[in-house]
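Colleague: Dropping in coords33.tsv, with TSV, C-alpha atoms and all ligand atoms.
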```
chain	number	residue	atom	x	y	z
M	1	MET	CA	-0.24	27.73	-52.11
M	2	PRO	CA	0.51	28.30	-55.79
M	3	TYR	CA	-0.87	31.05	-58.02
M	4	LYS	CA	-4.04	30.16	-59.90
M	5	PHE	CA	-2.14	30.75	-63.14
M	6	THR	CA	1.30	29.93	-64.50
M	7	PHE	CA	3.90	32.40	-65.70
M	8	ASP	CA	7.42	32.46	-67.05
M	9	LEU	CA	9.39	35.68	-66.74
M	10	SER	CA	12.66	34.14	-67.87
M	11	PRO	CA	12.40	35.67	-71.42
M	12	VAL	CA	11.94	39.16	-69.94
M	13	PRO	CA	15.09	41.37	-70.12
M	14	ARG	CA	17.24	41.60	-67.00
M	15	PHE	CA	16.61	45.37	-66.90
M	16	PHE	CA	13.01	44.61	-65.91
M	17	PHE	CA	14.24	43.30	-62.55
M	18	THR	CA	16.40	46.38	-62.06
M	19	GLU	CA	13.21	48.41	-62.52
M	20	ILE	CA	11.48	46.22	-59.91
M	21	ALA	CA	14.27	47.03	-57.45
M	22	ARG	CA	14.03	50.75	-58.25
M	23	ILE	CA	10.26	50.84	-57.73
M	24	SER	CA	10.61	48.86	-54.49
M	25	TYR	CA	12.66	51.71	-53.03
M	26	GLN	CA	9.76	54.04	-53.77
M	27	LYS	CA	7.06	51.69	-52.45
M	28	GLY	CA	4.74	53.41	-49.98
M	29	MET	CA	5.61	56.81	-51.38
M	30	THR	CA	3.50	56.59	-54.48
M	31	LYS	CA	-0.25	56.44	-54.99
M	32	THR	CA	0.26	55.77	-58.66
M	33	LEU	CA	1.84	52.34	-58.28
M	34	PHE	CA	-0.89	50.73	-60.40
M	35	ASN	CA	-0.14	53.15	-63.24
M	36	THR	CA	3.57	52.43	-62.87
M	37	LEU	CA	2.89	48.71	-63.07
M	38	GLN	CA	0.83	49.15	-66.22
M	39	GLU	CA	3.61	51.22	-67.78
M	40	MET	CA	6.16	48.51	-66.94
M	41	ILE	CA	3.96	45.80	-68.41
M	42	LYS	CA	3.73	47.81	-71.63
M	43	LYS	CA	7.41	48.82	-71.68
M	44	PHE	CA	8.76	45.29	-71.19
M	45	LYS	CA	6.03	43.66	-73.31
M	46	ILE	CA	5.26	41.36	-70.37
M	47	GLN	CA	1.96	40.14	-71.80
M	48	GLU	CA	3.55	39.28	-75.14
M	49	ALA	CA	6.53	37.57	-73.48
M	50	THR	CA	4.52	35.57	-70.95
M	51	GLY	CA	0.97	35.26	-72.28
M	52	LEU	CA	-0.38	36.64	-69.00
M	53	ASN	CA	-3.49	38.80	-69.01
M	54	LEU	CA	-3.17	42.28	-67.55
M	55	SER	CA	-4.58	41.56	-64.08
M	56	ASP	CA	-2.41	38.43	-63.60
M	57	ALA	CA	0.66	40.37	-64.78
M	58	VAL	CA	-0.14	43.08	-62.24
M	59	VAL	CA	-0.41	40.45	-59.46
M	60	VAL	CA	2.96	38.91	-60.35
M	61	ILE	CA	4.80	42.22	-60.60
M	62	GLN	CA	3.16	43.62	-57.47
M	63	ASP	CA	4.35	40.51	-55.59
M	64	LEU	CA	7.90	40.93	-56.96
M	65	ILE	CA	7.92	44.53	-55.74
M	66	ASP	CA	6.53	43.59	-52.31
M	67	VAL	CA	9.16	40.86	-51.87
M	68	GLN	CA	11.97	43.17	-52.93
M	69	ALA	CA	10.74	45.91	-50.59
M	70	VAL	CA	10.78	43.50	-47.61
M	71	ASN	CA	14.26	42.29	-48.64
M	72	LEU	CA	15.51	45.86	-48.59
M	73	MET	CA	14.06	46.51	-45.14
M	74	GLU	CA	15.53	43.28	-43.75
M	75	ARG	CA	18.91	43.46	-45.51
M	76	LYS	CA	20.86	45.19	-42.74
M	77	LYS	CA	19.57	42.83	-40.06
M	78	PHE	CA	20.26	39.83	-42.32
M	79	LEU	CA	23.87	40.88	-42.93
M	80	GLN	CA	24.50	40.81	-39.19
M	81	THR	CA	23.51	37.13	-38.92
M	82	LYS	CA	26.00	34.30	-38.74
M	83	LYS	CA	24.14	30.99	-38.66
M	84	ARG	CA	22.12	30.80	-41.84
M	85	ALA	CA	20.03	28.39	-43.89
M	86	LEU	CA	18.87	28.31	-47.50
M	87	PHE	CA	15.43	26.90	-48.29
M	88	LEU	CA	15.00	25.77	-51.90
M	89	PRO	CA	11.73	24.59	-53.48
M	90	HIS	CA	11.60	20.99	-54.67
M	91	CYS	CA	9.86	22.20	-57.85
M	92	SER	CA	13.14	23.70	-59.14
M	93	ARG	CA	14.81	20.29	-59.32
M	94	LYS	CA	15.69	19.25	-62.87
M	95	TYR	CA	13.51	16.17	-62.45
M	96	MET	CA	10.45	15.65	-60.29
M	97	ASP	CA	10.37	11.87	-60.84
M	98	GLY	CA	12.70	8.94	-60.17
M	99	ARG	CA	15.44	10.51	-62.32
M	100	CYS	CA	16.09	12.91	-59.43
M	101	LYS	CA	18.43	11.00	-57.15
M	102	ALA	CA	17.77	13.19	-54.12
M	103	VAL	CA	16.74	11.24	-51.04
M	104	PHE	CA	13.90	12.58	-48.94
M	105	ASP	CA	14.80	12.51	-45.25
M	106	ASP	CA	11.51	12.63	-43.37
M	107	SER	CA	13.25	13.33	-40.07
M	108	ILE	CA	14.47	16.78	-41.26
M	109	PRO	CA	12.15	17.05	-43.40
M	110	SER	CA	14.04	17.79	-46.64
M	111	TYR	CA	15.34	16.29	-49.85
M	112	VAL	CA	19.08	15.79	-49.81
M	113	CYS	CA	20.50	16.46	-53.28
M	114	SER	CA	22.78	13.74	-54.72
M	115	HIS	CA	24.21	16.09	-57.37
M	116	CYS	CA	23.20	13.80	-60.22
M	117	SER	CA	22.76	16.60	-62.80
M	118	PRO	CA	25.31	19.43	-63.14
M	119	ASP	CA	22.70	21.64	-64.89
M	120	CYS	CA	20.07	21.26	-62.15
M	121	LEU	CA	19.30	24.61	-60.48
M	122	VAL	CA	18.90	23.03	-57.06
M	123	ASN	CA	22.27	21.32	-57.41
M	124	LYS	CA	23.97	24.61	-58.39
M	125	ALA	CA	22.31	26.54	-55.55
M	126	ASP	CA	23.12	23.79	-53.05
M	127	CYS	CA	26.83	23.84	-53.99
M	128	VAL	CA	27.14	27.66	-53.92
M	129	ALA	CA	25.33	28.02	-50.59
M	130	LYS	CA	27.23	25.23	-48.85
M	131	LYS	CA	30.55	26.80	-49.90
M	132	LYS	CA	29.36	29.95	-48.15
M	133	GLY	CA	28.59	28.03	-44.96
M	134	TYR	CA	24.81	27.70	-45.33
M	135	ASP	CA	22.79	24.66	-44.37
M	136	VAL	CA	20.62	23.83	-47.38
M	137	TYR	CA	17.12	22.35	-47.40
M	138	VAL	CA	15.09	21.33	-50.44
M	139	LEU	CA	11.48	21.48	-49.37
M	140	PRO	CA	8.32	19.90	-50.75
M	141	GLY	CA	6.20	22.59	-49.09
M	142	GLY	CA	6.21	25.57	-46.75
M	143	SER	CA	4.89	23.46	-43.88
M	144	CYS	CA	8.40	21.94	-43.48
M	145	VAL	CA	9.83	25.37	-42.60
M	146	ALA	CA	8.30	25.53	-39.10
M	147	LYS	CA	9.60	22.05	-38.23
M	148	ILE	CA	13.15	22.86	-39.37
M	149	LEU	CA	13.21	26.19	-37.55
M	150	LYS	CA	12.14	24.44	-34.36
M	151	SER	CA	14.94	21.88	-34.42
M	152	ALA	CA	17.81	24.08	-35.69
M	153	LYS	CA	18.52	27.54	-34.34
M	154	TYR	CA	19.21	29.85	-37.27
M	155	GLU	CA	19.68	33.61	-37.26
M	156	GLY	CA	19.22	34.25	-40.99
M	157	ILE	CA	17.13	32.53	-43.66
M	158	VAL	CA	17.23	32.82	-47.43
M	159	GLY	CA	14.15	31.32	-49.09
M	160	VAL	CA	13.42	30.64	-52.74
M	161	ALA	CA	9.75	30.07	-53.62
M	162	CYS	CA	6.78	31.40	-55.56
M	163	GLY	CA	5.28	34.66	-54.32
M	164	GLU	CA	2.42	32.97	-52.49
M	165	GLU	CA	4.72	30.65	-50.54
M	166	ILE	CA	7.04	33.54	-49.74
M	167	LYS	CA	4.11	35.45	-48.20
M	168	LEU	CA	3.18	32.49	-45.98
M	169	SER	CA	6.76	31.83	-44.87
M	170	GLY	CA	7.27	35.58	-44.32
M	171	GLU	CA	4.47	35.56	-41.73
M	172	LEU	CA	6.22	32.70	-39.94
M	173	LEU	CA	9.60	34.46	-40.01
M	174	SER	CA	8.15	37.68	-38.61
M	175	GLU	CA	6.67	35.67	-35.69
M	176	THR	CA	10.10	34.17	-34.94
M	177	GLY	CA	12.01	37.45	-35.41
M	178	LEU	CA	14.52	35.83	-37.78
M	179	ALA	CA	16.09	37.91	-40.53
M	180	GLY	CA	14.95	36.74	-43.95
M	181	GLN	CA	15.70	37.34	-47.59
M	182	SER	CA	13.45	35.95	-50.32
M	183	ILE	CA	14.02	35.10	-53.94
M	184	PRO	CA	10.84	34.71	-55.99
M	185	LEU	CA	10.55	32.16	-58.76
M	186	ILE	CA	10.55	33.77	-62.17
M	187	LYS	CA	8.82	30.73	-63.67
M	188	ASN	CA	6.18	29.02	-61.57
M	189	GLY	CA	3.92	26.04	-62.15
M	190	CYS	CA	5.04	23.61	-59.40
M	191	SER	CA	7.47	21.73	-61.69
M	192	SER	CA	10.49	22.82	-63.78
M	193	THR	CA	10.31	26.15	-61.98
M	194	VAL	CA	13.11	28.71	-62.34
M	195	PHE	CA	14.82	31.23	-60.10
M	196	ASN	CA	17.66	33.58	-60.96
M	197	MET	CA	21.02	32.19	-59.86
M	198	ASP	CA	22.75	35.60	-60.01
M	199	THR	CA	20.15	37.02	-57.65
M	200	LEU	CA	20.62	34.07	-55.30
M	201	VAL	CA	24.41	34.43	-55.27
M	202	LYS	CA	24.16	38.17	-54.56
M	203	THR	CA	21.64	37.58	-51.79
M	204	LEU	CA	23.72	34.87	-50.08
U	301	LIG	S1	21.00	17.40	-58.99
U	301	LIG	FE1	20.02	16.97	-56.99
U	301	LIG	S2	18.02	17.94	-57.01
U	301	LIG	FE2	18.81	17.95	-59.11
U	301	LIG	S3	17.87	16.20	-60.06
U	301	LIG	FE3	19.86	15.50	-59.23
U	301	LIG	S4	19.55	14.81	-57.12
U	301	LIG	FE4	17.68	15.92	-57.83
U	302	LIG	S1	5.51	26.81	-57.43
U	302	LIG	FE1	6.93	25.57	-56.18
U	302	LIG	S2	7.13	26.81	-54.31
U	302	LIG	FE2	5.23	27.50	-55.29
U	302	LIG	S3	3.58	26.22	-54.45
U	302	LIG	FE3	4.31	25.21	-56.35
U	302	LIG	S4	5.80	23.71	-55.57
U	302	LIG	FE4	5.54	25.24	-53.93
```
Could I get this structure in the form of structure tokens?
Ligand code: SF4
Ligand code: SF4
Modeller:
Amino acid sequence: MPYKFTFDLSPVPRFFFTEIARISYQKGMTKTLFNTLQEMIKKFKIQEATGLNLSDAVVVIQDLIDVQAVNLMERKKFLQTKKRALFLPHCSRKYMDGRCKAVFDDSIPSYVCSHCSPDCLVNKADCVAKKKGYDVYVLPGGSCVAKILKSAKYEGIVGVACGEEIKLSGELLSETGLAGQSIPLIKNGCSSTVFNMDTLVKTL
């Protein structure tokens, strides 16, 4: 399920995400998180950079912090896993129409990237992850996750998606007991979406 609004955090300085990580460590220890979020929004000029109103900016940043906090809690368990998969969202493909040469295999269900565009984020992520021994899936929706997890026995999952999809998949992962790491989109909108490749590489 997507957000009811679109956002693009890609113009925001990298230091903003370092701050997110720092606050995530403190999560649960502070009653003033809302104030902290407001300070961050002001400090990094989030509204000016993204056009978001204050309440939507708070939602996005709160979700980033929540995701990062879960990643931190799960990191040790994840590092102990051997058989891993990477789930990528189809919305981060360079093209969403016939120019994307990926073939959708309904039996998996996943797109299989044909590497038609060197500057496509999905292509780059697919290549990096496969080199590291991951199976890679490019999914049209979170509903595919359950089917894949049933047919292939993984120990660790890395998932890239918008915050809402991450929450839904997180519930599924906690039911299965698998170790997960999530990478939120920094530009949403269900097409031409963006995630941070450096973050993905570090997470893998
Ligand atoms: S590189 Fe892969 S995912 Fe990207 S547009 Fe081409 S076939 Fe589609
Ligand atoms: S932004 Fe991407 S991951 Fe999120 S709901 Fe839309 S298509 Fe799915």
Colleague: Return as a list in words the residues of protein, DNA or RNA that approach ligand LIG 301 (chain U) to within 6 Å, with all atoms listed in the file taken into account.
Modeller: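 Result of the 6 Å neighbour search around ligand LIG 301 (chain U): Arg93, Lys94, Tyr95, Cys100, Lys101, Ala102, Cys113, Ser114, His115, Cys116, Ser117, Cys120, Val122 and Asn123 of chain M.
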Colleague: Using only C-alpha atoms and all ligand atoms, find each residue in chain M having at least one atom no more than 9 Å away from ligand LIG 302 (chain U); report its shortest atom-to-atom pair and that distance in Å (one decimal), rows by chain then rising number, as CSV.
Modeller:
```
residue,atom,partner,partner_atom,distance
M:Met1,CA,U:LIG302,S3,4.7
M:Pro2,CA,U:LIG302,S3,3.9
M:Tyr3,CA,U:LIG302,S3,7.5
M:Thr6,CA,U:LIG302,S1,8.8
M:Leu88,CA,U:LIG302,S2,8.3
M:Pro89,CA,U:LIG302,S2,5.2
M:His90,CA,U:LIG302,S4,6.5
M:Cys91,CA,U:LIG302,FE1,4.8
M:Ser92,CA,U:LIG302,FE1,7.1
M:Leu139,CA,U:LIG302,FE4,8.4
M:Pro140,CA,U:LIG302,S4,6.6
M:Gly141,CA,U:LIG302,FE4,5.6
M:Gly142,CA,U:LIG302,FE4,7.2
M:Val160,CA,U:LIG302,S2,7.5
M:Ala161,CA,U:LIG302,S2,4.2
M:Cys162,CA,U:LIG302,FE2,4.2
M:Gly163,CA,U:LIG302,FE2,7.2
M:Glu164,CA,U:LIG302,FE2,6.8
M:Glu165,CA,U:LIG302,FE2,5.7
M:Ile166,CA,U:LIG302,S2,8.1
M:Pro184,CA,U:LIG302,S2,8.9
M:Leu185,CA,U:LIG302,S1,7.5
M:Lys187,CA,U:LIG302,S1,8.1
M:Asn188,CA,U:LIG302,S1,4.7
M:Gly189,CA,U:LIG302,S1,5.0
M:Cys190,CA,U:LIG302,FE3,3.5
M:Ser191,CA,U:LIG302,S4,6.6
M:Ser192,CA,U:LIG302,FE1,8.8
M:Thr193,CA,U:LIG302,S1,6.6
```
Colleague: Around (23.3, 31.1, -39.0) in the file's frame, which residues reach within 7 Å when counting only C-alpha atoms? Return as a ChimeraX atom specification?
Modeller: /M:81-85,154-156
Colleague: Sorted by chain and rising residue number, list the residues of region 97-200 of chain M at most 12 Å from region 13-27 of chain M (counting only C-alpha atoms), each with its closest atom pair and distance in Å to one decimal, as JSON lines.
Modeller:
```
{"residue": "M:Ile183", "atom": "CA", "partner": "M:Phe17", "partner_atom": "CA", "distance": 11.9}
{"residue": "M:Pro184", "atom": "CA", "partner": "M:Phe17", "partner_atom": "CA", "distance": 11.3}
{"residue": "M:Ile186", "atom": "CA", "partner": "M:Phe17", "partner_atom": "CA", "distance": 10.2}
{"residue": "M:Asn196", "atom": "CA", "partner": "M:Arg14", "partner_atom": "CA", "distance": 10.0}
{"residue": "M:Asp198", "atom": "CA", "partner": "M:Arg14", "partner_atom": "CA", "distance": 10.7}
{"residue": "M:Thr199", "atom": "CA", "partner": "M:Phe17", "partner_atom": "CA", "distance": 9.9}
```
Colleague: Restricted to C-alpha atoms, what would the selected residues look like written as a CSV table (one decimal), keeping the file's coordinate frame?
Modeller:
```
chain,number,residue,atom,x,y,z
M,183,ILE,CA,14.0,35.1,-53.9
M,184,PRO,CA,10.8,34.7,-56.0
M,186,ILE,CA,10.6,33.8,-62.2
M,196,ASN,CA,17.7,33.6,-61.0
M,198,ASP,CA,22.8,35.6,-60.0
M,199,THR,CA,20.2,37.0,-57.6
```
Colleague: What does the distance from CA of Gln38 (chain M) to CA of Val60 (chain M) come to in Å, to one decimal?
Modeller: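 According to the coordinates, CA of Gln38 (chain M) and CA of Val60 (chain M) are separated by 12.0 Å.
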Colleague: Please report the interatomic distance between CA of Asn35 (chain M) and CA of Val58 (chain M) in Å with one decimal.
Modeller: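 Pair CA of Asn35 (chain M) / CA of Val58 (chain M) returns 10.1 Å.
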Colleague: Considering all atoms listed in the file, can you say which of M:Asp126, M:Glu74, M:Glu48, M:Asp8 comes closest to Gly177 (chain M)?
Modeller: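 Looking at the shortest contact to Gly177 (chain M), the residue is M:Glu74.
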Colleague: Rounded to one decimal, what separation in Å do you get between CA of Val112 (chain M) and CA of Val138 (chain M)?
Modeller: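 Between CA of Val112 (chain M) and CA of Val138 (chain M) the gap is 6.9 Å.
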Colleague: Skipping near chain neighbours, those fewer than 5 positions away, what residues fall within 9 Å of Asp56 (chain M) using only C-alpha atoms, listed as a list in words?
Modeller: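 Here the qualifying residues turn out to be Phe5, Phe7 and Ile61 of chain M.
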Colleague: Residues as selected, C-alpha atoms, written as a compact mmCIF listing (two decimals), keeping the file's coordinate frame, can you do that?
Modeller:
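again24.txt, freshly written:
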```
# COMPACT_ATOMS: atom_id res chain seq x y z
CA PHE M 5 -2.14 30.75 -63.14
CA PHE M 7 3.90 32.40 -65.70
CA ILE M 61 4.80 42.22 -60.60
```
Colleague: Here's a test: counting all atoms listed in the file, identify every protein, DNA and RNA residue with an atom at most 12 Å from (3.2, 40.1, -71.6) in the file's coordinate frame, and state them as a list in words.
Modeller: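 Output of the proximity query reads Phe7, Asp8, Leu9, Ser10, Pro11, Val12, Gln38, Glu39, Met40, Ile41, Lys42, Lys43, Phe44, Lys45, Ile46, Gln47, Glu48, Ala49, Thr50, Gly51, Leu52, Asn53, Leu54, Ser55, Asp56, Ala57, Val58, Val60 and Ile61 of chain M.
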Colleague: Please output region 137-148 of chain M, rebuilt to include all heavy atoms, as a JSON list (two decimals), in the coordinates of the input.
Modeller:
```json
[["chain", "number", "residue", "atom", "x", "y", "z"],
["M", 137, "TYR", "N", 18.29, 23.23, -47.45],
["M", 137, "TYR", "CA", 17.12, 22.35, -47.40],
["M", 137, "TYR", "C", 16.36, 22.46, -48.71],
["M", 137, "TYR", "O", 16.19, 23.56, -49.24],
["M", 137, "TYR", "CB", 16.20, 22.75, -46.24],
["M", 137, "TYR", "CG", 16.88, 22.69, -44.89],
["M", 137, "TYR", "CD1", 17.52, 23.82, -44.36],
["M", 137, "TYR", "CD2", 16.88, 21.52, -44.14],
["M", 137, "TYR", "CE1", 18.15, 23.77, -43.12],
["M", 137, "TYR", "CE2", 17.52, 21.47, -42.90],
["M", 137, "TYR", "CZ", 18.15, 22.59, -42.40],
["M", 137, "TYR", "OH", 18.78, 22.54, -41.17],
["M", 138, "VAL", "N", 15.90, 21.34, -49.21],
["M", 138, "VAL", "CA", 15.09, 21.33, -50.44],
["M", 138, "VAL", "C", 13.70, 20.83, -50.04],
["M", 138, "VAL", "O", 13.52, 19.66, -49.69],
["M", 138, "VAL", "CB", 15.73, 20.40, -51.51],
["M", 138, "VAL", "CG1", 14.92, 20.47, -52.81],
["M", 138, "VAL", "CG2", 17.18, 20.79, -51.77],
["M", 139, "LEU", "N", 12.75, 21.75, -50.05],
["M", 139, "LEU", "CA", 11.48, 21.48, -49.37],
["M", 139, "LEU", "C", 10.32, 21.18, -50.32],
["M", 139, "LEU", "O", 10.13, 21.87, -51.33],
["M", 139, "LEU", "CB", 11.10, 22.70, -48.52],
["M", 139, "LEU", "CG", 12.17, 23.17, -47.54],
["M", 139, "LEU", "CD1", 11.67, 24.37, -46.75],
["M", 139, "LEU", "CD2", 12.56, 22.04, -46.59],
["M", 140, "PRO", "N", 9.51, 20.19, -49.95],
["M", 140, "PRO", "CA", 8.32, 19.90, -50.75],
["M", 140, "PRO", "C", 7.17, 20.85, -50.46],
["M", 140, "PRO", "O", 6.17, 20.87, -51.16],
["M", 140, "PRO", "CB", 7.95, 18.47, -50.33],
["M", 140, "PRO", "CG", 8.55, 18.30, -48.98],
["M", 140, "PRO", "CD", 9.74, 19.20, -48.89],
["M", 141, "GLY", "N", 7.28, 21.65, -49.41],
["M", 141, "GLY", "CA", 6.20, 22.59, -49.09],
["M", 141, "GLY", "C", 6.59, 23.48, -47.92],
["M", 141, "GLY", "O", 7.50, 23.14, -47.14],
["M", 142, "GLY", "N", 5.89, 24.60, -47.80],
["M", 142, "GLY", "CA", 6.21, 25.57, -46.75],
["M", 142, "GLY", "C", 6.00, 25.04, -45.35],
["M", 142, "GLY", "O", 6.57, 25.56, -44.38],
["M", 143, "SER", "N", 5.17, 23.98, -45.22],
["M", 143, "SER", "CA", 4.89, 23.46, -43.88],
["M", 143, "SER", "C", 6.15, 22.88, -43.22],
["M", 143, "SER", "O", 6.23, 22.76, -41.99],
["M", 143, "SER", "CB", 3.80, 22.39, -43.94],
["M", 143, "SER", "OG", 4.19, 21.39, -44.82],
["M", 144, "CYS", "N", 7.15, 22.51, -44.04],
["M", 144, "CYS", "CA", 8.40, 21.94, -43.48],
["M", 144, "CYS", "C", 9.20, 23.02, -42.76],
["M", 144, "CYS", "O", 10.04, 22.72, -41.90],
["M", 144, "CYS", "CB", 9.26, 21.37, -44.60],
["M", 144, "CYS", "SG", 8.45, 20.11, -45.55],
["M", 145, "VAL", "N", 9.00, 24.29, -43.13],
["M", 145, "VAL", "CA", 9.83, 25.37, -42.60],
["M", 145, "VAL", "C", 9.73, 25.43, -41.08],
["M", 145, "VAL", "O", 10.74, 25.49, -40.37],
["M", 145, "VAL", "CB", 9.42, 26.73, -43.23],
["M", 145, "VAL", "CG1", 10.13, 27.89, -42.55],
["M", 145, "VAL", "CG2", 9.74, 26.73, -44.72],
["M", 146, "ALA", "N", 8.50, 25.39, -40.55],
["M", 146, "ALA", "CA", 8.30, 25.53, -39.10],
["M", 146, "ALA", "C", 9.04, 24.42, -38.36],
["M", 146, "ALA", "O", 9.69, 24.66, -37.34],
["M", 146, "ALA", "CB", 6.82, 25.49, -38.78],
["M", 147, "LYS", "N", 8.96, 23.20, -38.89],
["M", 147, "LYS", "CA", 9.60, 22.05, -38.23],
["M", 147, "LYS", "C", 11.12, 22.24, -38.19],
["M", 147, "LYS", "O", 11.76, 21.99, -37.16],
["M", 147, "LYS", "CB", 9.22, 20.77, -38.99],
["M", 147, "LYS", "CG", 9.46, 19.53, -38.18],
["M", 147, "LYS", "CD", 8.86, 18.31, -38.84],
["M", 147, "LYS", "CE", 9.33, 17.05, -38.10],
["M", 147, "LYS", "NZ", 9.02, 15.83, -38.81],
["M", 148, "ILE", "N", 11.68, 22.67, -39.30],
["M", 148, "ILE", "CA", 13.15, 22.86, -39.37],
["M", 148, "ILE", "C", 13.58, 23.97, -38.42],
["M", 148, "ILE", "O", 14.58, 23.84, -37.70],
["M", 148, "ILE", "CB", 13.58, 23.16, -40.83],
["M", 148, "ILE", "CG1", 13.36, 21.93, -41.68],
["M", 148, "ILE", "CG2", 15.04, 23.61, -40.89],
["M", 148, "ILE", "CD1", 13.46, 22.16, -43.17]]
```
